[in-house]
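Asks: Please read through the structure below; I'll follow up with questions.
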Amino acid sequence: MHTGRHFLQIPGPTNVPDRVLRAIDQPVIDHRSAEFAKLGSEVLDGMRSIFQTTGHVIIYPGSGTGGWEAAIVNTLSPGDRVVLFETGHFSQLWRQVAERFGLEVDYVPGNWRRGADPAELEARLAADPTHAIKAVLVAHNETSSGATSRVAEIRRVLNRAHHPALLLVDAVSSLASIDYRHDEWEVDVTIAGSQKGLMLPPGLGFNAISEKALGASKTARLPRSFWDWQEMLKSNRDGFFPYTPATNLLFGLREALHMLQEEGLSNVFRRHVRHAEATRAAVQAWGLEIVCEDPREYSSSVTAVFMPEGYDADKLRAIILKNFDMSLGAGLSRLAGKVFRIGHLGHFNDLMLAGTLSGIEMGLQLAGVPHKKGGINAALDRLTQPEPESAAAPPARSKEVAR
Ligand SMILES: Cc1ncc(COP(=O)(O)O)c(C=O)c1O
């Protein structure tokens with residue numbers, strides 16, 4: 001029997017704010033009514049600012065996996081060659097989707113500790129003078145490893161090579177928590193889901209689409225029906241959907257968008273950076289190893305941590321769940337049992353982080369995992385550091401990115 005609130009510190013689904021729960025807890029309305037059209041238009045418009053785009057956004061009843069499929073079937077044709085970077089468990093799953101649709105996937109090998117390598121892409125594009133590569137697929141934030149790919153650099157490489165491949169990016173665990181710029185980085189399709197930075201329950205999948213991707217969808221030949229952008233866009237013009245939408249999740253989305261607007265997107269990003277830095281300070285003080293091996297690619301939404309050799313991460317997680325009612329993320333596929341993941345994204349604050357890290361430190365103690373003391377203090381020191389002056393300004397724009 002546990003008292004108080006459960007700590008849901010997996011890297012998604014994340015904690016849903018009471019405001020959002022209350023917004024969802026309403027009578028269902030007619031999805032062909034004027035009231036719905038207003039809701040539909042409002043959330044479609046609000047999502048544009050979250051993707052940092054002025055283009056089209058599509059909201060599916062679905063999940064991130066549906067968003068992957070939608071991006072593929074709307075833009076590509078059977079046998080098309082695509083480059084997909086092996087960043088971890090989720091790149092692996094995306095590859096499966098692509099292969100099931102008959103795409104020829106050049107899977108760029110990776111060690112599950114880094115993001116997509118721009119230099120490797122440069123080499124592959126240079127070896128493709130006939131432009132056989134039709135798309136480049138990248139997970140912006142690989143949730144299994146806590147490594148964030150440098151999408152702006154990937155775009156620069158494509159532009160320098162004057163290569164016309166589409167850029168498809170999975171922002172499922174970064175949207176609304178790590179700075180993400182669909183337009184500025186000239187991403188063609190961005191995929192997202194409701195259950196992470198957007199602070200909603202699972203149940204929605206998103207595509208943000210460029211004009212170029214929309215153009216590609218006119219000639220793409222993969223079969224599609226439910227995921228067809230054209231049908232959606234036609235109905236969305238008036239705030240409607242071509243089939244029954246997830247009405248009450250859209251009530252929740254409207255409220256989540258209000259919350260994100262009230263905080264300000266740049267403050268949301270900064271909050272995630274602070275919490276990630278404090279988390280890493282704790283992990284390093286414990287003497288444990290962070291999975292992401294390139295500090296430029298540290299994720300601000302999730303930190304994956306290696307267990308010392310011979311110690312089982314799932315046992316540690318079970319002890320923490322039993323004693324402190326906290327769920328941490330499991331190591332996935334290749335990393336199962338070797339890694340635990342701390343989700344620090346979405347509806348989250350300093351004291352929730354302090355509680356999370358305290359639960360981990362106590363769990364390490366109870367599980368007899370060798371570690372040094374002082375992780376909590378290191379994190380609290382980071383949290384009480386004054387923010388630098390520049391923190392008052394919005395995040396630096398990198399206009400040169402696409403040139
Ligand atoms: C980076 C990433 N991509 C895709 C997915 C798949 O999304 P879903 O489980 O919502 O289908 C996830 C899920 O956690 C994810 O973290």
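As shown in the structure tokens, the chain order sets the letters A, B, ...; within each chain, residues go from 1, and ligands are also counted from 1 in the order they appear.
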List as a short mmCIF file (atom, residue, chain, number, x, y, z; two decimals) with N, CA, C and O atoms, in the first residue's frame the protein and nucleic acid residues near Ile191 in chain A, meaning an atom at most 8 Å away when only C-alpha atoms are counted, but skip any in the same chain fewer than 5 places from it.
Replies:
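See out-v4.cif below for the written result:
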```
data_model
loop_
_atom_site.label_atom_id
_atom_site.label_comp_id
_atom_site.auth_asym_id
_atom_site.auth_seq_id
_atom_site.Cartn_x
_atom_site.Cartn_y
_atom_site.Cartn_z
N GLY A 64 3.16 7.66 -31.76
CA GLY A 64 4.38 7.97 -32.51
C GLY A 64 4.61 6.99 -33.65
O GLY A 64 5.01 7.37 -34.75
N GLY A 67 2.72 7.92 -36.49
CA GLY A 67 3.36 9.10 -37.11
C GLY A 67 4.51 8.68 -38.02
O GLY A 67 4.68 9.25 -39.11
N TRP A 68 5.29 7.68 -37.59
CA TRP A 68 6.37 7.14 -38.45
C TRP A 68 5.80 6.63 -39.76
O TRP A 68 6.31 6.91 -40.84
N ALA A 71 4.50 9.33 -42.09
CA ALA A 71 5.58 10.06 -42.77
C ALA A 71 6.09 9.27 -43.97
O ALA A 71 6.35 9.82 -45.04
N LEU A 168 13.29 13.35 -42.78
CA LEU A 168 12.20 12.94 -41.89
C LEU A 168 12.77 12.79 -40.48
O LEU A 168 13.74 12.05 -40.29
N VAL A 169 12.17 13.49 -39.52
CA VAL A 169 12.75 13.49 -38.17
C VAL A 169 11.70 13.08 -37.13
O VAL A 169 10.59 13.61 -37.10
N ASP A 170 12.11 12.16 -36.29
CA ASP A 170 11.30 11.70 -35.16
C ASP A 170 11.60 12.62 -33.97
O ASP A 170 12.72 12.64 -33.47
N ALA A 171 10.58 13.41 -33.58
CA ALA A 171 10.75 14.29 -32.42
C ALA A 171 9.81 13.84 -31.30
O ALA A 171 9.34 14.65 -30.50
N VAL A 172 9.55 12.53 -31.26
CA VAL A 172 8.55 12.01 -30.31
C VAL A 172 8.91 12.38 -28.87
O VAL A 172 8.06 12.82 -28.10
N GLY A 205 -0.92 11.10 -32.48
CA GLY A 205 0.33 11.14 -33.24
C GLY A 205 0.30 12.37 -34.13
O GLY A 205 -0.78 12.83 -34.51
N PHE A 206 1.47 12.90 -34.44
CA PHE A 206 1.53 14.16 -35.21
C PHE A 206 2.50 14.04 -36.38
O PHE A 206 3.51 13.34 -36.29
N ASN A 207 2.19 14.74 -37.43
CA ASN A 207 3.14 15.01 -38.52
C ASN A 207 3.13 16.52 -38.76
O ASN A 207 2.05 17.10 -38.92
N ALA A 208 4.31 17.14 -38.78
CA ALA A 208 4.42 18.51 -39.30
C ALA A 208 5.06 18.35 -40.67
O ALA A 208 6.02 17.57 -40.82
#
```
Asks: Give one line per residue of chain A that approaches ligand 1 to at most 9 Å, naming the two atoms of the closest pair and their distance in Å to one decimal, counting only C-alpha atoms and all ligand atoms; sort by chain then ascending residue number and deliver it as JSON lines.
Replies:
```
{"residue": "A:Pro11", "atom": "CA", "partner": "ligand 1", "partner_atom_place_in_ligand_line": "14 (O)", "distance": 7.4}
{"residue": "A:Gly12", "atom": "CA", "partner": "ligand 1", "partner_atom_place_in_ligand_line": "14 (O)", "distance": 6.3}
{"residue": "A:Pro13", "atom": "CA", "partner": "ligand 1", "partner_atom_place_in_ligand_line": "14 (O)", "distance": 7.7}
{"residue": "A:Gly62", "atom": "CA", "partner": "ligand 1", "partner_atom_place_in_ligand_line": "11 (O)", "distance": 7.5}
{"residue": "A:Ser63", "atom": "CA", "partner": "ligand 1", "partner_atom_place_in_ligand_line": "10 (O)", "distance": 3.9}
{"residue": "A:Gly64", "atom": "CA", "partner": "ligand 1", "partner_atom_place_in_ligand_line": "7 (O)", "distance": 3.4}
{"residue": "A:Thr65", "atom": "CA", "partner": "ligand 1", "partner_atom_place_in_ligand_line": "11 (O)", "distance": 3.6}
{"residue": "A:Gly66", "atom": "CA", "partner": "ligand 1", "partner_atom_place_in_ligand_line": "11 (O)", "distance": 6.3}
{"residue": "A:Gly67", "atom": "CA", "partner": "ligand 1", "partner_atom_place_in_ligand_line": "11 (O)", "distance": 7.7}
{"residue": "A:Trp68", "atom": "CA", "partner": "ligand 1", "partner_atom_place_in_ligand_line": "4 (C)", "distance": 7.4}
{"residue": "A:His89", "atom": "CA", "partner": "ligand 1", "partner_atom_place_in_ligand_line": "1 (C)", "distance": 8.6}
{"residue": "A:Phe90", "atom": "CA", "partner": "ligand 1", "partner_atom_place_in_ligand_line": "3 (N)", "distance": 5.3}
{"residue": "A:Ser91", "atom": "CA", "partner": "ligand 1", "partner_atom_place_in_ligand_line": "3 (N)", "distance": 7.5}
{"residue": "A:Leu93", "atom": "CA", "partner": "ligand 1", "partner_atom_place_in_ligand_line": "4 (C)", "distance": 7.9}
{"residue": "A:Trp94", "atom": "CA", "partner": "ligand 1", "partner_atom_place_in_ligand_line": "4 (C)", "distance": 7.5}
{"residue": "A:Ala139", "atom": "CA", "partner": "ligand 1", "partner_atom_place_in_ligand_line": "1 (C)", "distance": 6.0}
{"residue": "A:His140", "atom": "CA", "partner": "ligand 1", "partner_atom_place_in_ligand_line": "1 (C)", "distance": 7.4}
{"residue": "A:Asn141", "atom": "CA", "partner": "ligand 1", "partner_atom_place_in_ligand_line": "1 (C)", "distance": 5.8}
{"residue": "A:Glu142", "atom": "CA", "partner": "ligand 1", "partner_atom_place_in_ligand_line": "1 (C)", "distance": 5.0}
{"residue": "A:Thr143", "atom": "CA", "partner": "ligand 1", "partner_atom_place_in_ligand_line": "16 (O)", "distance": 4.6}
{"residue": "A:Ser144", "atom": "CA", "partner": "ligand 1", "partner_atom_place_in_ligand_line": "16 (O)", "distance": 7.2}
{"residue": "A:Asp170", "atom": "CA", "partner": "ligand 1", "partner_atom_place_in_ligand_line": "3 (N)", "distance": 5.9}
{"residue": "A:Ala171", "atom": "CA", "partner": "ligand 1", "partner_atom_place_in_ligand_line": "1 (C)", "distance": 6.4}
{"residue": "A:Val172", "atom": "CA", "partner": "ligand 1", "partner_atom_place_in_ligand_line": "2 (C)", "distance": 4.9}
{"residue": "A:Ser173", "atom": "CA", "partner": "ligand 1", "partner_atom_place_in_ligand_line": "16 (O)", "distance": 5.2}
{"residue": "A:Ser174", "atom": "CA", "partner": "ligand 1", "partner_atom_place_in_ligand_line": "1 (C)", "distance": 7.9}
{"residue": "A:Ile191", "atom": "CA", "partner": "ligand 1", "partner_atom_place_in_ligand_line": "3 (N)", "distance": 8.1}
{"residue": "A:Ala192", "atom": "CA", "partner": "ligand 1", "partner_atom_place_in_ligand_line": "3 (N)", "distance": 7.7}
{"residue": "A:Gly193", "atom": "CA", "partner": "ligand 1", "partner_atom_place_in_ligand_line": "10 (O)", "distance": 5.5}
{"residue": "A:Ser194", "atom": "CA", "partner": "ligand 1", "partner_atom_place_in_ligand_line": "10 (O)", "distance": 7.6}
{"residue": "A:Gln195", "atom": "CA", "partner": "ligand 1", "partner_atom_place_in_ligand_line": "10 (O)", "distance": 7.2}
{"residue": "A:Lys196", "atom": "CA", "partner": "ligand 1", "partner_atom_place_in_ligand_line": "14 (O)", "distance": 8.3}
{"residue": "A:Pro202", "atom": "CA", "partner": "ligand 1", "partner_atom_place_in_ligand_line": "10 (O)", "distance": 6.7}
{"residue": "A:Gly203", "atom": "CA", "partner": "ligand 1", "partner_atom_place_in_ligand_line": "10 (O)", "distance": 7.6}
{"residue": "A:Leu204", "atom": "CA", "partner": "ligand 1", "partner_atom_place_in_ligand_line": "10 (O)", "distance": 7.9}
{"residue": "A:Gly205", "atom": "CA", "partner": "ligand 1", "partner_atom_place_in_ligand_line": "10 (O)", "distance": 7.1}
```
Asks: Could you pull out the residues in range 172-381 of chain A that DSSP calls strand (DSSP E) from the backbone, as a list of chain:residue names?
Replies: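 The strand (DSSP E) subset of range 172-381 of chain A is A:Val189, A:Thr190, A:Ile191, A:Ala192, A:Gly193, A:Leu204, A:Gly205, A:Phe206, A:Asn207, A:Ala208, A:Ile209, A:Glu289, A:Ile290, A:Val302, A:Thr303, A:Ala304, A:Val305, A:Phe306, A:Met326, A:Ser327, A:Leu328, A:Gly329, A:Ala330, A:Val339, A:Phe340, A:Arg341, A:Ile342, A:Gly343.
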Asks: Show me, as a list in words, the residues that have an atom within 12 Å of Asp238 in chain A when counting only C-alpha atoms, minus same-chain residues fewer than 3 positions from it.
Replies: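 In the requested format, the answer is His31, Arg32, Ser33, Ala34, Glu35, Phe36, Ala37, Lys38, Leu39, Gly40, Ser41, Glu42, Leu44, Asp45, Met232, Leu233, Lys234, Ser235, Phe241 and Pro242 of chain A.
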Asks: Please provide the set of residues having any atom within 9 Å of range 334-344 of chain A, restricted to only C-alpha atoms, with same-chain residues fewer than 2 positions apart removed, written as JSON, numbers by chain.
Replies: {"A": [8, 9, 10, 11, 12, 14, 88, 89, 112, 143, 144, 145, 146, 272, 275, 276, 279, 291, 300, 301, 302, 303, 304, 305, 306, 307, 308, 309, 310, 311, 312, 313, 314, 315, 316, 317, 328, 329, 330, 331, 332, 346, 347, 348, 349, 353, 356, 357]}
Asks: Need the shell around Gly252 in chain A: protein/DNA/RNA residues with any atom at most 10 Å away, counting only C-alpha atoms. Skip same-chain ones fewer than 5 positions apart. Format as a ChimeraX atom specification?
Replies: /A:16-17,19-26,43,194,198-201,247,257-258
Asks: May I have the residues from that selection written out with N, CA and C atoms, as a PDB file, in the first residue's frame?
Replies:
```
ATOM      1  N   VAL A  16       0.636  13.814 -16.288  1.00  0.00           N
ATOM      2  CA  VAL A  16      -0.362  14.708 -16.909  1.00  0.00           C
ATOM      3  C   VAL A  16      -0.818  15.726 -15.856  1.00  0.00           C
ATOM      4  N   PRO A  17      -0.667  17.015 -16.148  1.00  0.00           N
ATOM      5  CA  PRO A  17      -1.058  18.032 -15.168  1.00  0.00           C
ATOM      6  C   PRO A  17      -2.559  17.958 -14.840  1.00  0.00           C
ATOM      7  N   ARG A  19      -4.602  20.299 -14.590  1.00  0.00           N
ATOM      8  CA  ARG A  19      -5.345  21.187 -15.510  1.00  0.00           C
ATOM      9  C   ARG A  19      -5.738  20.439 -16.778  1.00  0.00           C
ATOM     10  N   VAL A  20      -4.826  19.606 -17.265  1.00  0.00           N
ATOM     11  CA  VAL A  20      -5.101  18.866 -18.506  1.00  0.00           C
ATOM     12  C   VAL A  20      -6.121  17.750 -18.223  1.00  0.00           C
ATOM     13  N   LEU A  21      -5.961  17.094 -17.077  1.00  0.00           N
ATOM     14  CA  LEU A  21      -6.934  16.038 -16.719  1.00  0.00           C
ATOM     15  C   LEU A  21      -8.335  16.623 -16.608  1.00  0.00           C
ATOM     16  N   ARG A  22      -8.439  17.786 -15.981  1.00  0.00           N
ATOM     17  CA  ARG A  22      -9.759  18.442 -15.839  1.00  0.00           C
ATOM     18  C   ARG A  22     -10.328  18.810 -17.199  1.00  0.00           C
ATOM     19  N   ALA A  23      -9.438  19.250 -18.096  1.00  0.00           N
ATOM     20  CA  ALA A  23      -9.912  19.651 -19.428  1.00  0.00           C
ATOM     21  C   ALA A  23     -10.447  18.447 -20.198  1.00  0.00           C
ATOM     22  N   ILE A  24      -9.825  17.297 -19.987  1.00  0.00           N
ATOM     23  CA  ILE A  24     -10.261  16.084 -20.697  1.00  0.00           C
ATOM     24  C   ILE A  24     -11.588  15.581 -20.118  1.00  0.00           C
ATOM     25  N   ASP A  25     -11.773  15.832 -18.827  1.00  0.00           N
ATOM     26  CA  ASP A  25     -12.931  15.312 -18.099  1.00  0.00           C
ATOM     27  C   ASP A  25     -14.172  16.162 -18.404  1.00  0.00           C
ATOM     28  N   GLN A  26     -14.616  16.122 -19.655  1.00  0.00           N
ATOM     29  CA  GLN A  26     -15.791  16.891 -20.100  1.00  0.00           C
ATOM     30  C   GLN A  26     -16.687  15.965 -20.906  1.00  0.00           C
ATOM     31  N   VAL A  43      -6.378  23.885 -31.908  1.00  0.00           N
ATOM     32  CA  VAL A  43      -5.249  23.000 -31.593  1.00  0.00           C
ATOM     33  C   VAL A  43      -4.311  22.833 -32.797  1.00  0.00           C
ATOM     34  N   SER A 194       1.652  12.430 -28.315  1.00  0.00           N
ATOM     35  CA  SER A 194       1.061  13.294 -27.285  1.00  0.00           C
ATOM     36  C   SER A 194       1.637  13.085 -25.889  1.00  0.00           C
ATOM     37  N   LEU A 198       4.362  17.057 -24.487  1.00  0.00           N
ATOM     38  CA  LEU A 198       3.047  17.709 -24.568  1.00  0.00           C
ATOM     39  C   LEU A 198       2.171  17.432 -23.341  1.00  0.00           C
ATOM     40  N   MET A 199       2.634  16.544 -22.463  1.00  0.00           N
ATOM     41  CA  MET A 199       1.992  16.344 -21.149  1.00  0.00           C
ATOM     42  C   MET A 199       0.578  15.771 -21.227  1.00  0.00           C
ATOM     43  N   LEU A 200       0.294  15.040 -22.311  1.00  0.00           N
ATOM     44  CA  LEU A 200      -1.030  14.441 -22.471  1.00  0.00           C
ATOM     45  C   LEU A 200      -0.939  12.930 -22.268  1.00  0.00           C
ATOM     46  N   PRO A 201      -2.060  12.271 -22.071  1.00  0.00           N
ATOM     47  CA  PRO A 201      -2.022  10.808 -22.115  1.00  0.00           C
ATOM     48  C   PRO A 201      -1.632  10.351 -23.517  1.00  0.00           C
ATOM     49  N   THR A 247     -11.688  13.357 -29.552  1.00  0.00           N
ATOM     50  CA  THR A 247     -12.213  14.653 -29.082  1.00  0.00           C
ATOM     51  C   THR A 247     -11.658  15.083 -27.723  1.00  0.00           C
ATOM     52  N   LEU A 257      -1.518  23.274 -24.514  1.00  0.00           N
ATOM     53  CA  LEU A 257      -0.956  24.357 -25.326  1.00  0.00           C
ATOM     54  C   LEU A 257      -1.023  25.676 -24.561  1.00  0.00           C
ATOM     55  N   HIS A 258      -2.130  25.889 -23.842  1.00  0.00           N
ATOM     56  CA  HIS A 258      -2.217  27.108 -23.011  1.00  0.00           C
ATOM     57  C   HIS A 258      -1.090  27.128 -21.993  1.00  0.00           C
TER      58      HIS A 258
END
```
Asks: Excluding Val273 in chain A and its own-chain neighbours fewer than 5 positions away, which residues fall within 9 Å of it when counting only C-alpha atoms? Please give them as an mmCIF file with all heavy atoms, in the first residue's frame.
Replies:
```
data_model
loop_
_atom_site.group_PDB
_atom_site.id
_atom_site.type_symbol
_atom_site.label_atom_id
_atom_site.label_comp_id
_atom_site.auth_asym_id
_atom_site.auth_seq_id
_atom_site.Cartn_x
_atom_site.Cartn_y
_atom_site.Cartn_z
ATOM 1 N N SER A 177 10.012 19.891 -25.340
ATOM 2 C CA SER A 177 10.935 19.799 -24.203
ATOM 3 C C SER A 177 12.370 20.161 -24.604
ATOM 4 O O SER A 177 13.094 20.757 -23.823
ATOM 5 C CB SER A 177 10.882 18.428 -23.524
ATOM 6 O OG SER A 177 10.930 17.379 -24.445
ATOM 7 N N ILE A 178 12.758 19.803 -25.840
ATOM 8 C CA ILE A 178 14.083 20.189 -26.353
ATOM 9 C C ILE A 178 13.843 21.080 -27.575
ATOM 10 O O ILE A 178 12.959 20.791 -28.383
ATOM 11 C CB ILE A 178 14.892 18.945 -26.764
ATOM 12 C CG1 ILE A 178 15.078 18.002 -25.561
ATOM 13 C CG2 ILE A 178 16.250 19.351 -27.341
ATOM 14 C CD1 ILE A 178 15.724 16.669 -25.908
ATOM 15 N N VAL A 268 10.439 26.724 -21.354
ATOM 16 C CA VAL A 268 10.226 25.273 -21.280
ATOM 17 C C VAL A 268 11.541 24.564 -21.615
ATOM 18 O O VAL A 268 11.991 23.661 -20.893
ATOM 19 C CB VAL A 268 9.117 24.827 -22.270
ATOM 20 C CG1 VAL A 268 9.054 23.299 -22.367
ATOM 21 C CG2 VAL A 268 7.762 25.406 -21.860
ATOM 22 N N ALA A 278 21.187 18.876 -13.839
ATOM 23 C CA ALA A 278 21.185 18.462 -12.427
ATOM 24 C C ALA A 278 21.176 16.928 -12.330
ATOM 25 O O ALA A 278 21.842 16.344 -11.473
ATOM 26 C CB ALA A 278 19.972 19.054 -11.711
ATOM 27 N N SER A 299 20.858 14.418 -23.877
ATOM 28 C CA SER A 299 19.432 14.723 -23.997
ATOM 29 C C SER A 299 18.957 15.543 -22.806
ATOM 30 O O SER A 299 19.384 15.312 -21.675
ATOM 31 C CB SER A 299 18.636 13.420 -24.044
ATOM 32 O OG SER A 299 17.267 13.687 -23.887
ATOM 33 N N SER A 300 18.055 16.473 -23.062
ATOM 34 C CA SER A 300 17.451 17.225 -21.959
ATOM 35 C C SER A 300 16.145 16.607 -21.486
ATOM 36 O O SER A 300 15.517 17.124 -20.573
ATOM 37 C CB SER A 300 17.197 18.674 -22.382
ATOM 38 O OG SER A 300 18.410 19.342 -22.526
ATOM 39 N N SER A 301 15.702 15.527 -22.106
ATOM 40 C CA SER A 301 14.432 14.951 -21.650
ATOM 41 C C SER A 301 14.600 13.596 -20.960
ATOM 42 O O SER A 301 13.744 13.200 -20.177
ATOM 43 C CB SER A 301 13.450 14.828 -22.825
ATOM 44 O OG SER A 301 13.951 13.984 -23.831
#
```
